[in-house]
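Just upload-v8.pdb here, PDB, C-alpha atoms:
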```pdb
MODEL        1
ATOM      1  CA  VAL E 501       0.000   0.000   0.000
ATOM      2  CA  THR E 502       1.662   3.217  -1.138
ATOM      3  CA  GLU E 503      -1.267   5.563  -0.640
ATOM      4  CA  ALA E 504      -2.962   6.346   2.662
ATOM      5  CA  ILE E 505      -6.032   4.325   3.551
ATOM      6  CA  TYR E 506      -7.792   7.492   4.654
ATOM      7  CA  ASP E 507      -7.035  11.179   4.345
ATOM      8  CA  PRO E 508      -9.222  12.862   7.002
ATOM      9  CA  ALA E 509      -8.520  16.297   5.531
ATOM     10  CA  ARG E 510     -10.601  15.364   2.486
ATOM     11  CA  PHE E 511     -13.723  14.627   4.514
ATOM     12  CA  ALA E 512     -13.133  17.737   6.610
ATOM     13  CA  SER E 513     -12.988  19.752   3.401
ATOM     14  CA  LEU E 514     -16.241  18.180   2.259
ATOM     15  CA  VAL E 515     -17.902  19.094   5.558
ATOM     16  CA  HIS E 516     -16.655  22.641   5.154
ATOM     17  CA  ASP E 517     -18.011  22.819   1.612
ATOM     18  CA  VAL E 518     -21.462  21.275   1.936
ATOM     19  CA  GLY E 519     -22.035  20.834   5.669
ATOM     20  CA  GLU E 520     -21.768  17.859   7.996
ATOM     21  CA  GLU E 521     -25.278  16.547   7.500
ATOM     22  CA  THR E 522     -24.993  16.425   3.704
ATOM     23  CA  SER E 523     -21.490  14.948   3.903
ATOM     24  CA  ARG E 524     -22.656  12.156   6.172
ATOM     25  CA  THR E 525     -25.731  11.537   4.041
ATOM     26  CA  ALA E 526     -23.524  11.252   0.952
ATOM     27  CA  LEU E 527     -21.174   8.920   2.827
ATOM     28  CA  ARG E 528     -24.055   6.654   3.837
ATOM     29  CA  LEU E 529     -25.275   6.621   0.237
ATOM     30  CA  PHE E 530     -21.768   5.791  -0.983
ATOM     31  CA  PHE E 531     -21.514   2.766   1.307
ATOM     32  CA  ALA E 532     -25.044   1.572   0.581
ATOM     33  CA  ASP E 533     -24.710   1.996  -3.192
ATOM     34  CA  THR E 534     -21.257   0.417  -3.382
ATOM     35  CA  GLU E 535     -22.261  -2.539  -1.235
ATOM     36  CA  ALA E 536     -25.384  -3.027  -3.327
ATOM     37  CA  ARG E 537     -23.395  -2.944  -6.563
ATOM     38  CA  LEU E 538     -20.828  -5.360  -5.160
ATOM     39  CA  GLY E 539     -23.632  -7.609  -4.024
ATOM     40  CA  CYS E 540     -25.162  -7.589  -7.491
ATOM     41  CA  LEU E 541     -21.900  -8.832  -8.977
ATOM     42  CA  GLY E 542     -22.221 -12.054  -6.975
ATOM     43  CA  HIS E 543     -20.108 -14.769  -8.478
ATOM     44  CA  VAL E 544     -17.871 -13.228 -11.105
ATOM     45  CA  ASP E 545     -18.334 -14.699 -14.537
ATOM     46  CA  GLY E 546     -15.502 -13.266 -16.579
ATOM     47  CA  ALA E 547     -16.440 -11.306 -19.663
ATOM     48  CA  ALA E 548     -20.133 -11.458 -18.853
ATOM     49  CA  ASP E 549     -19.519  -9.298 -15.792
ATOM     50  CA  ALA E 550     -16.653  -7.210 -17.123
ATOM     51  CA  LYS E 551     -18.785  -4.243 -18.067
ATOM     52  CA  GLY E 552     -20.513  -4.165 -14.692
ATOM     53  CA  ILE E 553     -17.215  -4.501 -12.853
ATOM     54  CA  GLN E 554     -15.622  -1.727 -14.851
ATOM     55  CA  ARG E 555     -18.597   0.507 -14.211
ATOM     56  CA  LEU E 556     -18.544  -0.222 -10.486
ATOM     57  CA  ALA E 557     -14.808   0.446 -10.338
ATOM     58  CA  HIS E 558     -15.245   3.703 -12.218
ATOM     59  CA  THR E 559     -17.856   4.960  -9.764
ATOM     60  CA  VAL E 560     -15.997   3.806  -6.646
ATOM     61  CA  LYS E 561     -12.765   5.375  -7.897
ATOM     62  CA  SER E 562     -14.236   8.886  -7.920
ATOM     63  CA  SER E 563     -16.497   8.684  -4.886
ATOM     64  CA  ALA E 564     -13.900   7.052  -2.641
ATOM     65  CA  ALA E 565     -11.421   9.795  -3.494
ATOM     66  CA  THR E 566     -13.999  12.421  -2.608
ATOM     67  CA  PHE E 567     -14.315  11.033   0.912
ATOM     68  CA  GLY E 568     -10.556  10.612   1.314
ATOM     69  CA  PHE E 569     -10.464   6.823   0.939
ATOM     70  CA  ASP E 570      -7.331   6.898  -1.176
ATOM     71  CA  HIS E 571      -6.415   3.213  -1.040
ATOM     72  CA  LEU E 572      -9.936   2.140  -1.972
ATOM     73  CA  SER E 573      -9.918   4.664  -4.807
ATOM     74  CA  SER E 574      -6.573   3.362  -6.013
ATOM     75  CA  LEU E 575      -7.774  -0.252  -5.983
ATOM     76  CA  ALA E 576     -10.843   0.777  -7.967
ATOM     77  CA  ARG E 577      -8.783   2.753 -10.481
ATOM     78  CA  LYS E 578      -6.501  -0.227 -11.087
ATOM     79  CA  LEU E 579      -9.460  -2.574 -11.370
ATOM     80  CA  GLU E 580     -11.134  -0.285 -13.899
ATOM     81  CA  HIS E 581      -7.934  -0.197 -15.918
ATOM     82  CA  ASP E 582      -7.263  -3.942 -15.757
ATOM     83  CA  THR E 583     -10.747  -5.443 -15.990
ATOM     84  CA  ALA E 584     -10.655  -6.215 -19.694
ATOM     85  CA  HIS E 585      -7.385  -8.106 -19.364
ATOM     86  CA  LEU E 586      -8.043 -10.172 -16.241
ATOM     87  CA  ALA E 587      -9.130 -13.792 -16.059
ATOM     88  CA  SER E 588     -12.245 -14.625 -14.035
ATOM     89  CA  SER E 589     -10.231 -15.848 -11.067
ATOM     90  CA  ASP E 590      -8.163 -12.661 -11.008
ATOM     91  CA  LEU E 591     -11.284 -10.513 -11.313
ATOM     92  CA  ALA E 592     -12.822 -12.346  -8.377
ATOM     93  CA  ALA E 593      -9.673 -11.776  -6.326
ATOM     94  CA  ARG E 594      -9.666  -8.054  -7.140
ATOM     95  CA  ILE E 595     -13.322  -7.740  -6.177
ATOM     96  CA  THR E 596     -12.644  -9.512  -2.908
ATOM     97  CA  GLU E 597      -9.831  -7.040  -2.325
ATOM     98  CA  LEU E 598     -12.209  -4.159  -3.068
ATOM     99  CA  ARG E 599     -14.814  -5.556  -0.669
ATOM    100  CA  SER E 600     -12.183  -5.871   2.045
ATOM    101  CA  ALA E 601     -11.006  -2.301   1.542
ATOM    102  CA  LEU E 602     -14.603  -1.098   1.728
ATOM    103  CA  VAL E 603     -15.094  -2.902   5.049
ATOM    104  CA  THR E 604     -11.902  -1.293   6.353
ATOM    105  CA  VAL E 605     -12.916   2.283   5.537
ATOM    106  CA  ARG E 606     -16.441   1.834   6.866
ATOM    107  CA  THR E 607     -15.267   2.364  10.422
ATOM    108  CA  LEU E 608     -12.889   5.240   9.756
ATOM    109  CA  ILE E 609     -15.383   8.098   9.992
ATOM    110  CA  PRO E 610     -17.262   7.880  13.302
TER
ATOM    111  CA  VAL X 517     -30.516  32.052  -8.928
ATOM    112  CA  ALA X 518     -30.821  29.589 -11.761
ATOM    113  CA  LYS X 519     -32.804  26.443 -12.462
ATOM    114  CA  ILE X 520     -30.227  23.665 -12.838
ATOM    115  CA  PHE X 521     -30.712  20.045 -13.892
ATOM    116  CA  VAL X 522     -28.306  17.479 -12.419
ATOM    117  CA  ILE X 523     -28.048  13.996 -13.940
ATOM    118  CA  ASP X 524     -25.914  11.389 -12.139
ATOM    119  CA  ASP X 525     -26.621   7.781 -11.185
ATOM    120  CA  ASP X 526     -24.136   7.928  -8.305
ATOM    121  CA  PRO X 527     -26.321   8.875  -5.298
ATOM    122  CA  ALA X 528     -23.419  10.126  -3.195
ATOM    123  CA  TYR X 529     -22.093  12.457  -5.869
ATOM    124  CA  ARG X 530     -25.567  13.579  -6.824
ATOM    125  CA  THR X 531     -26.252  14.528  -3.205
ATOM    126  CA  LEU X 532     -23.032  16.521  -2.925
ATOM    127  CA  VAL X 533     -23.502  18.347  -6.219
ATOM    128  CA  VAL X 534     -27.110  19.223  -5.453
ATOM    129  CA  ARG X 535     -26.236  20.564  -2.009
ATOM    130  CA  ALA X 536     -23.311  22.585  -3.359
ATOM    131  CA  LEU X 537     -25.584  24.186  -5.961
ATOM    132  CA  GLU X 538     -28.375  24.785  -3.452
ATOM    133  CA  ARG X 539     -25.860  26.542  -1.213
ATOM    134  CA  MET X 540     -25.331  28.896  -4.132
ATOM    135  CA  SER X 541     -29.108  29.508  -3.980
ATOM    136  CA  HIS X 542     -29.812  27.683  -7.224
ATOM    137  CA  GLN X 543     -32.955  25.642  -7.766
ATOM    138  CA  VAL X 544     -31.970  22.079  -8.564
ATOM    139  CA  GLU X 545     -33.810  19.148 -10.097
ATOM    140  CA  THR X 546     -32.285  15.715 -10.603
ATOM    141  CA  ALA X 547     -32.460  12.586 -12.715
ATOM    142  CA  VAL X 548     -30.626   9.283 -12.411
ATOM    143  CA  GLY X 549     -30.437   8.326 -16.086
ATOM    144  CA  GLY X 550     -30.425   9.798 -19.553
ATOM    145  CA  ALA X 551     -33.830   8.632 -20.764
ATOM    146  CA  LYS X 552     -35.739  10.275 -17.941
ATOM    147  CA  ALA X 553     -33.501  13.325 -18.186
ATOM    148  CA  LEU X 554     -34.321  13.796 -21.853
ATOM    149  CA  ARG X 555     -38.052  13.645 -21.075
ATOM    150  CA  CYS X 556     -37.585  16.343 -18.409
ATOM    151  CA  LEU X 557     -35.451  18.457 -20.717
ATOM    152  CA  ALA X 558     -38.175  18.465 -23.298
ATOM    153  CA  GLU X 559     -40.352  20.339 -20.831
ATOM    154  CA  GLY X 560     -37.708  23.062 -20.759
ATOM    155  CA  GLY X 561     -36.919  25.768 -18.289
ATOM    156  CA  PHE X 562     -33.437  24.746 -17.242
ATOM    157  CA  GLU X 563     -30.645  27.283 -17.423
ATOM    158  CA  LEU X 564     -27.797  24.805 -16.944
ATOM    159  CA  ILE X 565     -27.413  21.048 -17.346
ATOM    160  CA  VAL X 566     -24.874  19.230 -15.176
ATOM    161  CA  THR X 567     -24.472  15.639 -16.277
ATOM    162  CA  ASP X 568     -22.240  12.692 -15.548
ATOM    163  CA  ILE X 569     -21.083  11.080 -18.758
ATOM    164  CA  PHE X 570     -21.636   7.530 -17.506
ATOM    165  CA  MET X 571     -25.265   6.619 -17.354
ATOM    166  CA  PRO X 572     -26.925   3.321 -16.648
ATOM    167  CA  ASP X 573     -29.236   3.512 -19.621
ATOM    168  CA  MET X 574     -27.474   5.371 -22.423
ATOM    169  CA  ASP X 575     -24.136   6.623 -23.681
ATOM    170  CA  GLY X 576     -23.181   9.937 -22.133
ATOM    171  CA  LEU X 577     -21.979  11.457 -25.363
ATOM    172  CA  ALA X 578     -25.216  10.463 -27.074
ATOM    173  CA  PHE X 579     -27.096  12.097 -24.217
ATOM    174  CA  ILE X 580     -25.125  15.323 -24.603
ATOM    175  CA  GLY X 581     -25.890  15.378 -28.305
ATOM    176  CA  LYS X 582     -29.618  14.845 -27.784
ATOM    177  CA  ALA X 583     -29.751  17.266 -24.854
ATOM    178  CA  ALA X 584     -28.084  19.976 -26.914
ATOM    179  CA  GLU X 585     -30.868  19.594 -29.471
ATOM    180  CA  LEU X 586     -33.532  20.016 -26.781
ATOM    181  CA  THR X 587     -32.133  22.950 -24.848
ATOM    182  CA  LYS X 588     -30.017  26.023 -25.337
ATOM    183  CA  ALA X 589     -28.807  25.785 -21.748
ATOM    184  CA  PRO X 590     -25.066  25.183 -21.406
ATOM    185  CA  ILE X 591     -24.093  21.616 -20.554
ATOM    186  CA  LEU X 592     -21.435  20.837 -17.963
ATOM    187  CA  ALA X 593     -20.220  17.253 -18.394
ATOM    188  CA  ILE X 594     -18.815  15.578 -15.304
ATOM    189  CA  SER X 595     -16.217  12.923 -15.939
ATOM    190  CA  GLY X 596     -14.496  10.484 -13.659
ATOM    191  CA  GLY X 597     -11.835   9.872 -16.278
ATOM    192  CA  GLY X 598     -10.270   6.456 -16.638
ATOM    193  CA  THR X 599     -10.161   3.765 -19.236
ATOM    194  CA  GLN X 600     -13.726   4.203 -20.366
ATOM    195  CA  ILE X 601     -12.960   7.753 -21.409
ATOM    196  CA  SER X 602     -11.764   8.104 -24.959
ATOM    197  CA  THR X 603      -8.875  10.469 -25.420
ATOM    198  CA  ASP X 604     -11.106  12.206 -27.931
ATOM    199  CA  PHE X 605     -13.852  12.679 -25.362
ATOM    200  CA  LEU X 606     -13.313  16.384 -24.842
ATOM    201  CA  LYS X 607     -13.372  17.007 -28.554
ATOM    202  CA  HIS X 608     -16.484  14.874 -28.991
ATOM    203  CA  ALA X 609     -18.236  16.425 -26.001
ATOM    204  CA  ARG X 610     -17.479  19.895 -27.324
ATOM    205  CA  THR X 611     -18.653  19.015 -30.793
ATOM    206  CA  LEU X 612     -21.860  17.558 -29.430
ATOM    207  CA  GLY X 613     -22.634  20.569 -27.283
ATOM    208  CA  ALA X 614     -20.940  20.347 -23.864
ATOM    209  CA  ALA X 615     -19.697  23.744 -22.767
ATOM    210  CA  ALA X 616     -17.262  22.461 -20.140
ATOM    211  CA  VAL X 617     -15.986  19.308 -18.499
ATOM    212  CA  LEU X 618     -15.257  18.880 -14.813
ATOM    213  CA  HIS X 619     -13.267  15.891 -13.613
ATOM    214  CA  LYS X 620     -14.166  13.980 -10.463
ATOM    215  CA  PRO X 621     -13.240  14.389  -7.713
ATOM    216  CA  PHE X 622     -13.816  18.141  -7.593
ATOM    217  CA  SER X 623     -14.465  20.644  -4.832
ATOM    218  CA  SER X 624     -17.613  22.698  -4.472
ATOM    219  CA  VAL X 625     -15.468  25.758  -5.184
ATOM    220  CA  GLU X 626     -14.400  24.331  -8.549
ATOM    221  CA  LEU X 627     -17.990  23.402  -9.328
ATOM    222  CA  GLY X 628     -19.214  26.825  -8.250
ATOM    223  CA  ASN X 629     -16.672  28.662 -10.365
ATOM    224  CA  ILE X 630     -17.544  26.753 -13.515
ATOM    225  CA  VAL X 631     -21.290  26.978 -12.909
ATOM    226  CA  THR X 632     -21.076  30.717 -12.317
ATOM    227  CA  GLY X 633     -19.018  31.164 -15.468
ATOM    228  CA  LEU X 634     -21.393  29.139 -17.607
ATOM    229  CA  LEU X 635     -24.451  30.928 -16.273
ATOM    230  CA  ALA X 636     -22.814  34.291 -16.860
ATOM    231  CA  GLY X 637     -21.956  33.293 -20.404
ATOM    232  CA  GLY X 638     -25.501  32.310 -21.104
ATOM    233  CA  GLY X 639     -24.453  29.631 -23.540
ATOM    234  CA  MET X 640     -21.353  27.952 -24.825
ATOM    235  CA  ALA X 641     -18.303  28.616 -22.695
ATOM    236  CA  PRO X 642     -15.033  29.651 -24.292
ATOM    237  CA  PRO X 643     -12.695  26.803 -25.259
ATOM    238  CA  GLU X 644     -10.368  27.486 -22.327
ATOM    239  CA  MET X 645     -13.053  26.194 -19.970
ATOM    240  CA  PHE X 646     -12.302  22.699 -21.210
ATOM    241  CA  ALA X 647     -10.013  21.111 -18.643
TER
ENDMDL
END
```

Would you encode the structure as structure tokens?
Amino acid sequence: VTEAIYDPARFASLVHDVGEETSRTALRLFFADTEARLGCLGHVDGAADAKGIQRLAHTVKSSAATFGFDHLSSLARKLEHDTAHLASSDLAARITELRSALVTVRTLIP
Amino acid sequence: VAKIFVIDDDPAYRTLVVRALERMSHQVETAVGGAKALRCLAEGGFELIVTDIFMPDMDGLAFIGKAAELTKAPILAISGGGTQISTDFLKHARTLGAAAVLHKPFSSVELGNIVTGLLAGGGMAPPEMFA
């Protein structure tokens, strides 16, 4: 891991910009939406799921960075870039890694 | 105060963009996908369109092209970048009618500056607004 798991200054900046209530609402939506999308992927089936995986990774990449979850954003960016070239087993491993990173950041903002 | 239409299927980003615009005293309406957005656009009245280029139901560039036919309001395309973005995207978006592109993640200050500039211009922004 070369990037920080969480940059608290990013969330603080968000709170400054749009207020704490909106920031926390957006954060809850981010977790709910990402978990739902990950849940929809279920068992990865190679090319059949590639488009959905790439789309998920694209969305997570931007949103995670907004909240300061730099490692999660980085994993998503790499997954988006690599999806078309990965075998099913590798895709499944990357998604597991993404799920794990999401679980990690869930507890970082009290 | 302007009537602004925000289209983004990402609920977190949509929430943040809407709140940032409301804090600028703008009136904001939203849509999740391009098909519904086009139906709303047809009813008119928006002074600015802010749209993500990835939509669950249609190609973002196609949406920009159709939206530009339905409204004279400037279109701000929001892009997350990445492999799905063609290197020609900016050129295509401009050709199809987008006045500016803002890359995620962005601050509310960046959003506010571009929105204010587009509203002041009342139409197509100058080329230098393309990031």

8 Å per side around range 557-569 of chain E: axis-aligned box centre and edge lengths, as JSON:
```
{"center_x": -14.2, "center_y": 6.4, "center_z": -5.5, "size_x": 23.4, "size_y": 28.0, "size_z": 29.5}
```

Exercise for review: Could you state which residues are captured by the ChimeraX specification (/X :<8) & /E in this file, as a ChimeraX atom specification?
Suggested key: /E:514,517-518,522-523,525-530,533,558-559,561-563,565-566,577,580-581

Study note, to complete from the structure: Between CA of Leu572 in chain E and CA of Val605 in chain E lies a distance of 8.1 Å

Review point. Which neighbours of Ala583 in chain X fall inside 9 Å, counting all atoms listed in the file, when residues of the same chain fewer than 6 positions from it are skipped, and could you give them as a ChimeraX atom specification?
Key: /X:553-554,557-558,565,591,613

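Within the file as shown, the PyMOL selection byres ((chain E and resi 537) around 12) identifies Leu529, Phe530, Phe531, Ala532, Asp533, Thr534, Glu535, Ala536, Leu538, Gly539, Cys540, Leu541, Gly542, Asp549, Gly552, Ile553, Gln554, Arg555, Leu556, Ala557, His558, Thr559, Val560, Ile595, Leu598 and Arg599 of chain E; Asp526 of chain X.
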
Exercise for review: For the structure shown, which residues end up in the PyMOL selection byres ((chain E and resi 508) around 12)? Put them as a list in words, please?
Suggested key: Ala504, Ile505, Tyr506, Asp507, Ala509, Arg510, Phe511, Ala512, Ser513, Leu514, Val515, Ala565, Thr566, Phe567, Gly568, Phe569, Asp570, Val605, Leu608, Ile609 and Pro610 of chain E

Selection from above, C-alpha atoms, as a PDB file, keeping the file's coordinate frame, can you write it?
```pdb
ATOM      1  CA  ALA E 504      -2.962   6.346   2.662  1.00  0.00           C
ATOM      2  CA  ILE E 505      -6.032   4.325   3.551  1.00  0.00           C
ATOM      3  CA  TYR E 506      -7.792   7.492   4.654  1.00  0.00           C
ATOM      4  CA  ASP E 507      -7.035  11.179   4.345  1.00  0.00           C
ATOM      5  CA  ALA E 509      -8.520  16.297   5.531  1.00  0.00           C
ATOM      6  CA  ARG E 510     -10.601  15.364   2.486  1.00  0.00           C
ATOM      7  CA  PHE E 511     -13.723  14.627   4.514  1.00  0.00           C
ATOM      8  CA  ALA E 512     -13.133  17.737   6.610  1.00  0.00           C
ATOM      9  CA  SER E 513     -12.988  19.752   3.401  1.00  0.00           C
ATOM     10  CA  LEU E 514     -16.241  18.180   2.259  1.00  0.00           C
ATOM     11  CA  VAL E 515     -17.902  19.094   5.558  1.00  0.00           C
ATOM     12  CA  ALA E 565     -11.421   9.795  -3.494  1.00  0.00           C
ATOM     13  CA  THR E 566     -13.999  12.421  -2.608  1.00  0.00           C
ATOM     14  CA  PHE E 567     -14.315  11.033   0.912  1.00  0.00           C
ATOM     15  CA  GLY E 568     -10.556  10.612   1.314  1.00  0.00           C
ATOM     16  CA  PHE E 569     -10.464   6.823   0.939  1.00  0.00           C
ATOM     17  CA  ASP E 570      -7.331   6.898  -1.176  1.00  0.00           C
ATOM     18  CA  VAL E 605     -12.916   2.283   5.537  1.00  0.00           C
ATOM     19  CA  LEU E 608     -12.889   5.240   9.756  1.00  0.00           C
ATOM     20  CA  ILE E 609     -15.383   8.098   9.992  1.00  0.00           C
ATOM     21  CA  PRO E 610     -17.262   7.880  13.302  1.00  0.00           C
TER      22      PRO E 610
END
```

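For the choices X:Gly549, X:Gly581, X:Gly560, X:Gly628, the atom-to-atom distance to Val522 in chain X is smallest for X:Gly549 when using all atoms listed in the file.
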
**Study point:** Pairwise distance for CA of Leu618 in chain X and CA of Leu602 in chain E, rounded to one decimal in Å
**Key:** 25.9 Å

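The two atoms in question, CA of Ala614 in chain X and CA of Leu592 in chain X, are spaced 5.9 Å apart.
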